[in-house]
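For reference, upload-v1.txt is printed below; it contains compact mmCIF, C-alpha atoms.
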# COMPACT_ATOMS: atom_id res chain seq x y z
CA MET A 1 11.84 -23.78 -13.98
CA ALA A 2 9.18 -21.53 -12.44
CA GLY A 3 5.94 -20.91 -14.27
CA THR A 4 5.02 -17.45 -15.49
CA TRP A 5 2.14 -15.06 -15.09
CA PRO A 6 0.99 -12.54 -17.68
CA GLY A 7 2.95 -9.34 -17.29
CA ASP A 8 5.87 -10.84 -15.38
CA SER A 9 8.43 -8.16 -14.63
CA LEU A 10 11.05 -7.07 -12.16
CA SER A 11 10.68 -3.30 -12.08
CA ALA A 12 12.56 -0.70 -10.08
CA MET A 13 9.69 -0.77 -7.55
CA ALA A 14 11.48 -2.85 -4.91
CA PRO A 15 10.60 -3.77 -1.33
CA THR A 16 11.95 -1.48 1.36
CA PHE A 17 12.90 -4.14 3.89
CA ARG A 18 14.43 -7.59 3.79
CA LEU A 19 12.77 -10.58 5.39
CA GLU A 20 15.60 -11.97 7.49
CA GLY A 21 16.43 -12.77 11.09
CA VAL A 22 13.55 -13.52 13.45
CA PHE A 23 10.14 -12.03 12.76
CA SER A 24 8.01 -13.19 15.68
CA VAL A 25 4.32 -13.86 15.08
CA LEU A 26 2.39 -12.19 17.88
CA PRO A 27 -0.59 -13.70 19.66
CA THR A 28 -3.45 -11.33 20.45
CA ALA A 29 -4.06 -11.05 24.17
CA PHE A 30 -7.59 -11.37 25.55
CA ASP A 31 -8.94 -11.20 29.07
CA ASP A 32 -10.69 -14.18 30.65
CA GLY A 33 -13.99 -12.99 29.21
CA GLY A 34 -12.68 -12.84 25.66
CA GLY A 35 -12.33 -9.06 25.42
CA LEU A 36 -9.24 -7.43 23.95
CA ASP A 37 -6.41 -7.00 26.44
CA LEU A 38 -4.44 -4.26 24.74
CA ASP A 39 -2.09 -3.90 27.72
CA GLY A 40 -1.32 -7.59 27.39
CA THR A 41 -0.68 -7.26 23.66
CA ALA A 42 1.68 -4.34 24.33
CA ALA A 43 3.47 -6.47 26.94
CA LEU A 44 3.90 -9.24 24.40
CA VAL A 45 5.48 -6.78 21.98
CA ARG A 46 7.87 -5.49 24.64
CA ALA A 47 8.82 -9.06 25.55
CA HIS A 48 9.73 -9.83 21.95
CA VAL A 49 11.70 -6.60 21.61
CA ALA A 50 13.58 -7.49 24.81
CA ALA A 51 14.33 -10.90 23.29
CA GLY A 52 16.12 -9.23 20.37
CA VAL A 53 13.82 -10.11 17.48
CA THR A 54 14.39 -8.44 14.13
CA GLY A 55 10.74 -7.67 13.53
CA LEU A 56 7.17 -8.54 14.44
CA THR A 57 4.21 -10.03 12.61
CA SER A 58 0.74 -9.03 13.78
CA LEU A 59 -2.73 -10.28 12.87
CA GLY A 60 -1.58 -13.57 11.45
CA VAL A 61 -3.28 -16.94 11.88
CA MET A 62 -1.83 -17.33 15.38
CA GLY A 63 -2.90 -13.79 16.19
CA GLU A 64 -6.52 -14.99 15.77
CA ALA A 65 -7.04 -12.37 13.09
CA ALA A 66 -10.11 -14.20 11.79
CA GLU A 67 -11.73 -13.80 15.21
CA LEU A 68 -11.36 -10.00 15.26
CA SER A 69 -13.61 -7.29 13.88
CA GLU A 70 -12.06 -4.68 11.61
CA THR A 71 -12.26 -2.19 14.50
CA GLU A 72 -10.46 -4.63 16.79
CA ARG A 73 -7.82 -5.24 14.13
CA ALA A 74 -7.13 -1.51 14.03
CA GLU A 75 -6.84 -1.35 17.83
CA VAL A 76 -4.46 -4.28 17.98
CA LEU A 77 -2.26 -2.96 15.17
CA SER A 78 -2.08 0.51 16.73
CA THR A 79 -1.04 -1.07 20.03
CA VAL A 80 1.64 -3.22 18.37
CA LEU A 81 3.14 -0.32 16.44
CA ALA A 82 3.24 1.92 19.50
CA ALA A 83 5.16 -0.71 21.49
CA ALA A 84 7.46 -1.98 18.72
CA ASP A 85 10.35 0.36 19.53
CA GLY A 86 11.22 0.86 15.88
CA ARG A 87 11.12 -2.82 14.92
CA PRO A 88 9.53 -3.39 11.50
CA VAL A 89 5.99 -4.72 11.75
CA VAL A 90 4.41 -6.94 9.09
CA VAL A 91 0.62 -7.26 9.29
CA GLY A 92 -1.58 -10.01 7.91
CA VAL A 93 -4.16 -8.80 5.38
CA THR A 94 -5.49 -12.14 4.12
CA GLY A 95 -9.20 -12.21 3.36
CA PRO A 96 -11.82 -13.93 1.21
CA THR A 97 -12.18 -11.15 -1.40
CA ARG A 98 -10.01 -8.63 -3.23
CA ASP A 99 -11.90 -5.75 -1.61
CA ILE A 100 -11.27 -7.04 1.91
CA VAL A 101 -7.56 -7.60 1.24
CA SER A 102 -7.27 -4.19 -0.39
CA ASP A 103 -9.10 -2.44 2.47
CA ARG A 104 -6.83 -4.14 5.00
CA ALA A 105 -3.76 -3.13 2.99
CA ILE A 106 -5.00 0.46 2.95
CA ALA A 107 -5.48 0.39 6.74
CA ALA A 108 -2.00 -1.13 7.16
CA ALA A 109 -0.40 1.57 5.02
CA GLU A 110 -2.18 4.32 6.92
CA ALA A 111 -1.06 2.81 10.23
CA GLY A 112 2.58 2.84 9.11
CA VAL A 113 3.55 -0.82 8.92
CA ALA A 114 6.70 -2.03 7.15
CA GLY A 115 4.92 -4.65 5.08
CA VAL A 116 1.92 -6.92 4.66
CA MET A 117 1.51 -10.69 4.60
CA VAL A 118 -1.08 -12.37 2.41
CA SER A 119 -2.16 -15.90 1.60
CA PRO A 120 -4.46 -17.22 -1.10
CA THR A 121 -7.80 -18.57 0.07
CA ALA A 122 -10.42 -20.91 -1.31
CA THR A 123 -12.19 -17.89 -2.81
CA LEU A 124 -9.19 -15.73 -3.75
CA PRO A 125 -6.39 -17.16 -5.91
CA LEU A 126 -2.78 -16.28 -5.23
CA ARG A 127 -2.54 -13.87 -8.17
CA ASP A 128 -5.57 -11.86 -6.97
CA ALA A 129 -4.50 -11.95 -3.33
CA VAL A 130 -1.05 -10.59 -4.14
CA GLY A 131 -2.49 -8.01 -6.54
CA ALA A 132 -4.90 -6.70 -3.92
CA ALA A 133 -2.17 -6.58 -1.26
CA ALA A 134 0.10 -4.64 -3.63
CA ALA A 135 -2.36 -1.81 -4.21
CA GLN A 136 -0.83 0.37 -1.48
CA GLY A 137 2.80 -0.13 -2.52
CA LEU A 138 3.87 -1.95 0.65
CA PRO A 139 6.37 -4.82 0.61
CA ILE A 140 4.59 -8.18 0.56
CA VAL A 141 5.30 -11.50 2.26
CA ILE A 142 3.48 -14.42 0.66
CA GLN A 143 2.36 -17.01 3.19
CA ASP A 144 2.16 -20.58 1.92
CA PHE A 145 0.14 -22.29 4.66
CA PRO A 146 -2.20 -24.89 3.14
CA ALA A 147 -3.29 -26.18 6.55
CA GLY A 148 -4.92 -22.81 7.13
CA SER A 149 -5.74 -21.62 3.62
CA GLY A 150 -6.81 -24.91 2.04
CA VAL A 151 -4.75 -23.93 -1.02
CA ARG A 152 -1.77 -25.97 -2.16
CA LEU A 153 1.03 -24.19 -3.99
CA SER A 154 4.27 -25.42 -5.51
CA ALA A 155 7.63 -23.74 -5.05
CA ASP A 156 7.42 -22.77 -8.72
CA ASP A 157 4.06 -21.09 -8.08
CA LEU A 158 5.68 -18.98 -5.38
CA VAL A 159 8.63 -18.02 -7.58
CA ALA A 160 6.21 -17.06 -10.36
CA ALA A 161 4.20 -14.90 -7.96
CA ALA A 162 7.36 -13.09 -6.87
CA ASN A 163 8.44 -12.61 -10.49
CA ALA A 164 5.06 -11.12 -11.34
CA GLU A 165 4.97 -8.62 -8.47
CA PRO A 166 8.18 -6.75 -7.62
CA LEU A 167 6.78 -5.70 -4.25
CA VAL A 168 7.13 -9.28 -3.01
CA ALA A 169 9.87 -9.19 -0.38
CA GLY A 170 9.76 -12.80 0.66
CA VAL A 171 7.89 -16.02 1.22
CA LYS A 172 6.88 -17.77 4.41
CA ALA A 173 6.98 -21.50 3.62
CA GLU A 174 4.68 -23.59 5.82
CA ALA A 175 3.89 -26.58 3.63
CA PRO A 176 6.13 -29.47 4.73
CA PRO A 177 8.71 -30.35 3.58
CA THR A 178 9.53 -26.68 3.89
CA SER A 179 13.25 -27.06 3.21
CA GLY A 180 12.65 -27.93 -0.44
CA THR A 181 10.57 -24.80 -0.99
CA VAL A 182 13.20 -22.68 0.75
CA GLN A 183 15.95 -24.19 -1.38
CA THR A 184 14.06 -23.51 -4.62
CA LEU A 185 13.30 -19.94 -3.62
CA ARG A 186 16.90 -19.25 -2.67
CA ARG A 187 18.14 -20.78 -5.92
CA ASP A 188 15.71 -19.05 -8.27
CA ARG A 189 15.26 -15.74 -6.43
CA PRO A 190 18.22 -15.25 -4.07
CA ASP A 191 17.21 -11.62 -3.58
CA LEU A 192 14.06 -12.68 -1.71
CA GLY A 193 13.69 -13.53 1.94
CA ALA A 194 12.72 -17.17 2.44
CA VAL A 195 11.61 -18.24 5.90
CA GLY A 196 9.61 -20.95 7.59
CA GLY A 197 7.16 -20.88 10.45
CA LEU A 198 5.20 -23.73 12.07
CA GLY A 199 6.53 -22.99 15.53
CA GLY A 200 10.12 -23.64 14.46
CA LEU A 201 9.39 -27.32 13.85
CA PHE A 202 11.61 -27.44 10.74
CA LEU A 203 13.86 -24.48 11.53
CA ILE A 204 17.21 -26.28 11.32
CA ASP A 205 16.28 -27.95 8.03
CA GLU A 206 15.23 -24.55 6.64
CA LEU A 207 18.46 -22.88 7.72
CA ARG A 208 20.48 -25.67 6.11
CA ALA A 209 18.50 -25.04 2.91
CA GLY A 210 19.47 -21.38 2.97
CA ALA A 211 16.59 -19.74 4.84
CA THR A 212 17.15 -16.08 5.66
CA GLY A 213 15.56 -16.53 9.08
CA THR A 214 12.22 -17.54 10.52
CA MET A 215 8.77 -16.07 11.02
CA THR A 216 7.04 -17.89 13.83
CA GLY A 217 5.60 -17.40 17.28
CA LEU A 218 7.40 -19.84 19.57
CA ALA A 219 7.07 -18.36 23.06
CA VAL A 220 10.82 -18.40 23.77
CA PRO A 221 11.85 -15.95 21.04
CA GLU A 222 15.23 -15.28 22.60
CA GLN A 223 16.16 -18.87 21.74
CA LEU A 224 15.02 -18.47 18.14
CA VAL A 225 17.17 -15.34 17.92
CA ALA A 226 20.19 -17.28 19.22
CA ILE A 227 19.65 -20.20 16.83
CA VAL A 228 19.36 -18.01 13.74
CA ARG A 229 22.27 -15.81 14.85
CA ASP A 230 24.60 -18.69 15.64
CA PHE A 231 23.80 -20.95 12.70
CA ALA A 232 26.17 -19.18 10.30
CA SER A 233 29.18 -19.64 12.56
CA ASP A 234 28.37 -22.88 14.39
CA PRO A 235 25.56 -24.96 12.85
CA ALA A 236 26.10 -27.84 15.28
CA ALA A 237 25.70 -25.60 18.32
CA ALA A 238 22.59 -24.02 16.80
CA GLU A 239 21.12 -27.46 16.20
CA ARG A 240 21.81 -28.50 19.80
CA ARG A 241 20.00 -25.41 21.00
CA TRP A 242 17.06 -26.18 18.70
CA THR A 243 16.98 -29.80 19.85
CA ALA A 244 16.66 -28.67 23.46
CA LEU A 245 13.53 -26.75 22.49
CA LEU A 246 11.78 -29.74 20.88
CA PRO A 247 9.72 -30.70 23.97
CA LEU A 248 8.21 -27.22 23.84
CA ILE A 249 8.05 -26.99 20.05
CA ARG A 250 5.98 -30.19 19.85
CA LEU A 251 3.33 -28.67 22.13
CA GLU A 252 3.11 -25.64 19.87
CA ALA A 253 2.98 -27.68 16.66
CA PHE A 254 -0.59 -28.91 16.29
CA PRO A 255 -3.59 -26.60 15.84
CA PRO A 256 -5.73 -25.51 17.52
CA PHE A 257 -4.04 -26.70 20.74
CA ASN A 258 -0.81 -24.99 19.70
CA LEU A 259 -2.35 -21.55 20.20
CA ALA A 260 -3.61 -22.42 23.67
CA ALA A 261 -0.20 -23.85 24.58
CA ARG A 262 1.63 -20.79 23.24
CA LYS A 263 -0.55 -18.41 25.22
CA GLU A 264 -0.16 -20.54 28.33
CA VAL A 265 3.63 -20.24 28.03
CA TRP A 266 3.35 -16.46 27.85
CA ARG A 267 1.05 -16.51 30.88
CA LEU A 268 3.52 -18.67 32.79
CA ARG A 269 6.29 -16.27 31.87
CA GLY A 270 4.30 -13.44 33.46
CA VAL A 271 3.75 -11.48 30.25
CA ILE A 272 -0.02 -11.85 29.85
CA GLY A 273 -2.64 -12.38 32.50
CA SER A 274 -4.86 -14.83 30.61
CA ALA A 275 -4.31 -17.61 28.09
CA HIS A 276 -7.85 -17.19 26.74
CA CYS A 277 -8.34 -17.92 23.04
CA ARG A 278 -11.29 -16.98 20.86
CA LEU A 279 -10.34 -19.59 18.27
CA ALA A 280 -12.74 -22.52 18.46
CA ASP A 281 -11.39 -25.55 20.34
CA ALA A 282 -8.15 -23.77 21.30
CA ARG A 283 -8.46 -24.88 24.89
CA ILE A 284 -6.14 -26.25 27.54
CA ASP A 285 -7.05 -28.41 30.56
CA ASP A 286 -5.18 -28.83 33.85
CA ARG A 287 -3.29 -31.91 32.66
CA ALA A 288 -2.10 -30.19 29.50
CA ARG A 289 -1.27 -27.06 31.49
CA ASP A 290 1.10 -29.14 33.62
CA ASP A 291 2.65 -30.60 30.45
CA VAL A 292 3.25 -27.11 29.08
CA ARG A 293 4.87 -25.90 32.29
CA ARG A 294 7.16 -28.94 32.43
CA ALA A 295 8.21 -28.49 28.80
CA LEU A 296 8.87 -24.80 29.34
CA ASP A 297 10.97 -25.41 32.46
CA GLN A 298 12.94 -28.07 30.59
CA ALA A 299 13.56 -25.78 27.63
CA LEU A 300 14.64 -22.87 29.81
CA ALA A 301 16.89 -25.05 31.97
CA ALA A 302 18.58 -26.50 28.88
CA ALA A 303 19.22 -22.97 27.67
CA GLY A 304 20.71 -21.93 31.02
CA MET A 305 17.83 -19.54 31.65
CA LEU A 306 15.95 -18.93 34.87
CA GLY A 307 12.47 -20.02 35.91
CA VAL A 308 9.26 -19.38 34.04
CA THR A 309 8.48 -15.96 35.52
CA SER A 310 11.99 -14.60 35.67
CA GLY A 311 13.96 -12.06 33.72
CA ALA A 312 13.12 -9.07 31.54
CA LEU A 313 10.13 -10.81 29.98
CA ALA A 314 8.22 -11.14 33.24
CA GLY A 315 7.13 -7.55 33.74
CA ARG A 316 4.05 -6.04 32.11

As structure tokens, please, write out the structure in this file.
Amino acid sequence: MAGTWPGDSLSAMAPTFRLEGVFSVLPTAFDDGGGLDLDGTAALVRAHVAAGVTGLTSLGVMGEAAELSETERAEVLSTVLAAADGRPVVVGVTGPTRDIVSDRAIAAAEAGVAGVMVSPTATLPLRDAVGAAAAQGLPIVIQDFPAGSGVRLSADDLVAAANAEPLVAGVKAEAPPTSGTVQTLRRDRPDLGAVGGLGGLFLIDELRAGATGTMTGLAVPEQLVAIVRDFASDPAAAERRWTALLPLIRLEAFPPFNLAARKEVWRLRGVIGSAHCRLADARIDDRARDDVRRALDQALAAAGMLGVTSGALAGR
């Protein structure tokens, strides 16, 4: 049974969107010198829209949000919203203090996002992080990502957080084994969205546990869309499709190389001009670049798709 927080309640103040389908986590595009490439970020958004995603997540861990100034965050978010073609956008507001989280939530509300995503940190417990994110009345996605936050939570902790704050719309479970967390969330709070991330590494397990979709940034989002869409009617076919992606998923699974690999895929697909990362040690050498291209070609061929720079995703 989930633990409780003081003041637990489920009021009429409910989230305005449901966390389901594929919410793709966007990288932030930079030029080779490390400056913002807003045209590249807009192209990434258009590529995801063309792939059929349900929504978009901006300024998350894989968007290198920690490497951006507050002014740059505002520029990126404005660019994403302008290119989103009506898709709901969730923006990361995680920070080390209540004031920073609250200020980011205010900026998100003023920009017109659909919701915010927040994680506890070493200096800001889950209760305070969620409370600060809720100040603007936006729906909240709680991110459970101990590899990034350094904070370990139980499934019961997450249920208790959702019970305490009615603005919580869902949870992004990224603490393996993610399927157990998803199953607990779906059992105890079936009204919430429960999704995984981690590049789709555990996607099939999560769907079998009742996940409402996924929130991740794998650079073949059209395949994620197909897997989530098809799982309800043909789980075996969805799993075969997921299995064909594993050579690519494995390259996007281990930080910080995963970010460099993900951006290299988008560069190969002709969507961004540079795979530059600001994140320390997120680098890719010529040998690894060849590995990424081979894995991408294999994944696309298995899916019956064309070469790496083909199709609607290629144009900027």

9 Å contact set for A:Ile272, all atoms listed in the file, chain neighbours under 5 positions out, as a PyMOL selection string: chain A and resi 29-31+37+39-41+43-44+263-264+266-267+314+316

Coordinates-based distance that separates atom CA of A:Ala107 from atom CA of A:Ala173 (Å, one decimal): 25.4 Å

Expected answer as a PyMOL selection string: all residues with atoms within 12 Å of (16.1, -22.9, -6.2), all atoms listed in the file: chain A and resi 1-2+155-156+158-159+179-192+194+209-211

Between atom CA of A:Asp99 and atom CA of A:Ala129 - distance in Å to one decimal: 9.8 Å

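For the residues A:Leu245, A:Ala51, A:Leu153, A:Leu19, ranking by smallest atom-to-atom distance to A:Ser119 using all atoms listed in the file places A:Leu153 first.
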
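Atom to atom, atom CA of A:Asp230 and atom CA of A:Gly86 stand 23.7 Å apart.
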
Contact residues around stretch 282-284 of chain A with only C-alpha atoms at 6 Å, ignoring same-chain residues under 2 positions, as a list in words: Pro256, Phe257, Ala260, Leu279, Ala280 and Ala288 of chain A

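Using all atoms listed in the file, the smallest distance between any of A:Ala302, A:Ala238, A:Val93, A:Leu203 and A:Ala66 comes from A:Val93.
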
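Among the candidates A:Ala114, A:Ala83, A:Ala295, A:Met215, the residue lying nearest to A:Leu246 is A:Ala295 (atoms considered: all atoms listed in the file).
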
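Closest approach to A:Val118 from the set A:Arg98, A:Arg262, A:Arg269, A:Arg250 is made by A:Arg98, with distances taken over only C-alpha atoms.
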
Which of A:Thr57, A:Asn163, A:Thr214, A:Thr121 sits closest to A:Leu81 [using all atoms listed in the file]: A:Thr57

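Residue nearest A:Leu36 within the list A:Pro139, A:Gly217, A:Gly63, A:Gly55: A:Gly63 [criterion: smallest interatomic distance, only C-alpha atoms].
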